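The next block holds one structure in the form of structure tokens; read it before the comments.
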Amino acid sequence: MGGNGHEQVMKSRVVKVKSEESWDFFISQGCPVVVHFTASWCMPSVAMNPFFEELALTYQDILFLTVDVDEVKGVARKMEVKAMPTFLLMKEGAQADKLVGANPDEIRKRINAFIYSIRASKT
């Protein structure tokens with residue numbers, strides 16, 4: 001059973017932000033970014049992790065980041081995250097949309113609209 005857990009970790013497309021420096025690096029890459037602000041003590045937030053992984057596999061052209069608000073407090077403060085889970089959609093380092101709460105259908109809908117707006121702006 002231990003092997004399966006390891007394989008899942010290897011396949012993850014969600015990148016954990018470990019510092020303000022890595023945050024700055026990731027959001028300056030120029031690609032669209034979806035961020036899940038989470039906390040290990042927040043059950044609704046933890047419950048969203050498998051769904052967020054699934055989204056990351058579905059939307060290959062988006063960078064998916066996860067930020068533990070207790071580990072990287074400066075980023076949570078800078079992005080004005082006050083409740084978990086909070087999801088940010090970012091384009092060119094700027095916030096394009098924000099959703100607070102564990103609402104999978106709404107998150108998927110917002111990501112679809114986000115992708116559509118990005119593709120429309122490229123043509």
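Order determines the names: the first chain of the structure tokens is A, the second B, and so forth; residues in each chain are numbered 1 upward, and ligands are numbered 1 upward as they are shown.
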Closest contacts (range 63-107 of chain A/range 117-123 of chain A, max 12 Å, only C-alpha atoms) as CSV:
residue,atom,partner,partner_atom,distance
A:Leu89,CA,A:Ile118,CA,11.4
A:Met90,CA,A:Ile118,CA,10.7
A:Lys91,CA,A:Ile118,CA,8.3
A:Glu92,CA,A:Ile118,CA,10.7
A:Ala96,CA,A:Ser117,CA,10.2
A:Asp97,CA,A:Ser117,CA,11.7
For the interface of range 46-72 of chain A with range 18-40 of chain A (cut-off 9 Å, counting only C-alpha atoms), please tabulate each contacting residue of range 46-72 of chain A alongside its nearest pair of atoms and their separation in Å to one decimal, rows sorted by chain and increasing number, as JSON lines.
{"residue": "A:Val46", "atom": "CA", "partner": "A:Ser40", "partner_atom": "CA", "distance": 6.4}
{"residue": "A:Met48", "atom": "CA", "partner": "A:His36", "partner_atom": "CA", "distance": 8.9}
{"residue": "A:Asn49", "atom": "CA", "partner": "A:His36", "partner_atom": "CA", "distance": 8.6}
{"residue": "A:Phe52", "atom": "CA", "partner": "A:His36", "partner_atom": "CA", "distance": 7.8}
{"residue": "A:Ala56", "atom": "CA", "partner": "A:Val34", "partner_atom": "CA", "distance": 8.9}
{"residue": "A:Asp61", "atom": "CA", "partner": "A:Pro32", "partner_atom": "CA", "distance": 7.6}
{"residue": "A:Ile62", "atom": "CA", "partner": "A:Pro32", "partner_atom": "CA", "distance": 5.2}
{"residue": "A:Leu63", "atom": "CA", "partner": "A:Val33", "partner_atom": "CA", "distance": 4.7}
{"residue": "A:Phe64", "atom": "CA", "partner": "A:Val34", "partner_atom": "CA", "distance": 5.0}
{"residue": "A:Leu65", "atom": "CA", "partner": "A:Val35", "partner_atom": "CA", "distance": 4.7}
{"residue": "A:Thr66", "atom": "CA", "partner": "A:His36", "partner_atom": "CA", "distance": 4.7}
{"residue": "A:Val67", "atom": "CA", "partner": "A:Phe37", "partner_atom": "CA", "distance": 4.8}
{"residue": "A:Asp68", "atom": "CA", "partner": "A:Thr38", "partner_atom": "CA", "distance": 4.9}
{"residue": "A:Val69", "atom": "CA", "partner": "A:Ala39", "partner_atom": "CA", "distance": 5.8}
{"residue": "A:Asp70", "atom": "CA", "partner": "A:Ala39", "partner_atom": "CA", "distance": 6.6}
{"residue": "A:Glu71", "atom": "CA", "partner": "A:Lys18", "partner_atom": "CA", "distance": 7.1}
{"residue": "A:Val72", "atom": "CA", "partner": "A:Ser19", "partner_atom": "CA", "distance": 5.8}
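DSSP on the backbone gives strand (DSSP E) for these parts of chain A: Val14, Val15, Lys16, Val17, Val33, Val34, Val35, His36, Phe37, Thr38, Leu63, Phe64, Leu65, Thr66, Val67, Asp68, Thr86, Phe87, Leu88, Leu89, Met90, Lys91, Ala94, Gln95, Ala96, Asp97, Lys98, Leu99 and Val100 of chain A.
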Problem set entry | In chain A, DSSP alpha helix (DSSP H) residues written as a VMD selection string | chain A and resid 2 to 11 20 to 27 43 to 47 49 to 58 73 to 78 104 to 122
Compile the contact shell of Gly101 in chain A as an mmCIF file with C-alpha atoms, in the first residue's frame: residues with an atom at most 7 Å away, counting only C-alpha atoms, same-chain residues fewer than 3 positions apart removed.
data_model
loop_
_atom_site.group_PDB
_atom_site.id
_atom_site.type_symbol
_atom_site.label_atom_id
_atom_site.label_comp_id
_atom_site.auth_asym_id
_atom_site.auth_seq_id
_atom_site.Cartn_x
_atom_site.Cartn_y
_atom_site.Cartn_z
ATOM 1 C CA MET A 84 -9.878 29.005 4.473
ATOM 2 C CA PRO A 85 -10.196 27.641 1.973
ATOM 3 C CA THR A 86 -9.613 30.609 -0.323
#
Exercise. Which is closer to Arg108 in chain A than all the others in A:Val81, A:Ala47, A:Ser12, A:Phe87, using only C-alpha atoms?
Worked result: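 With only C-alpha atoms as the atom set, the closest residue is A:Phe87.
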For this session: Report the distance between CA of Leu55 in chain A and CA of Glu106 in chain A in Å, rounded to one decimal place.
Result: 12.4 Å
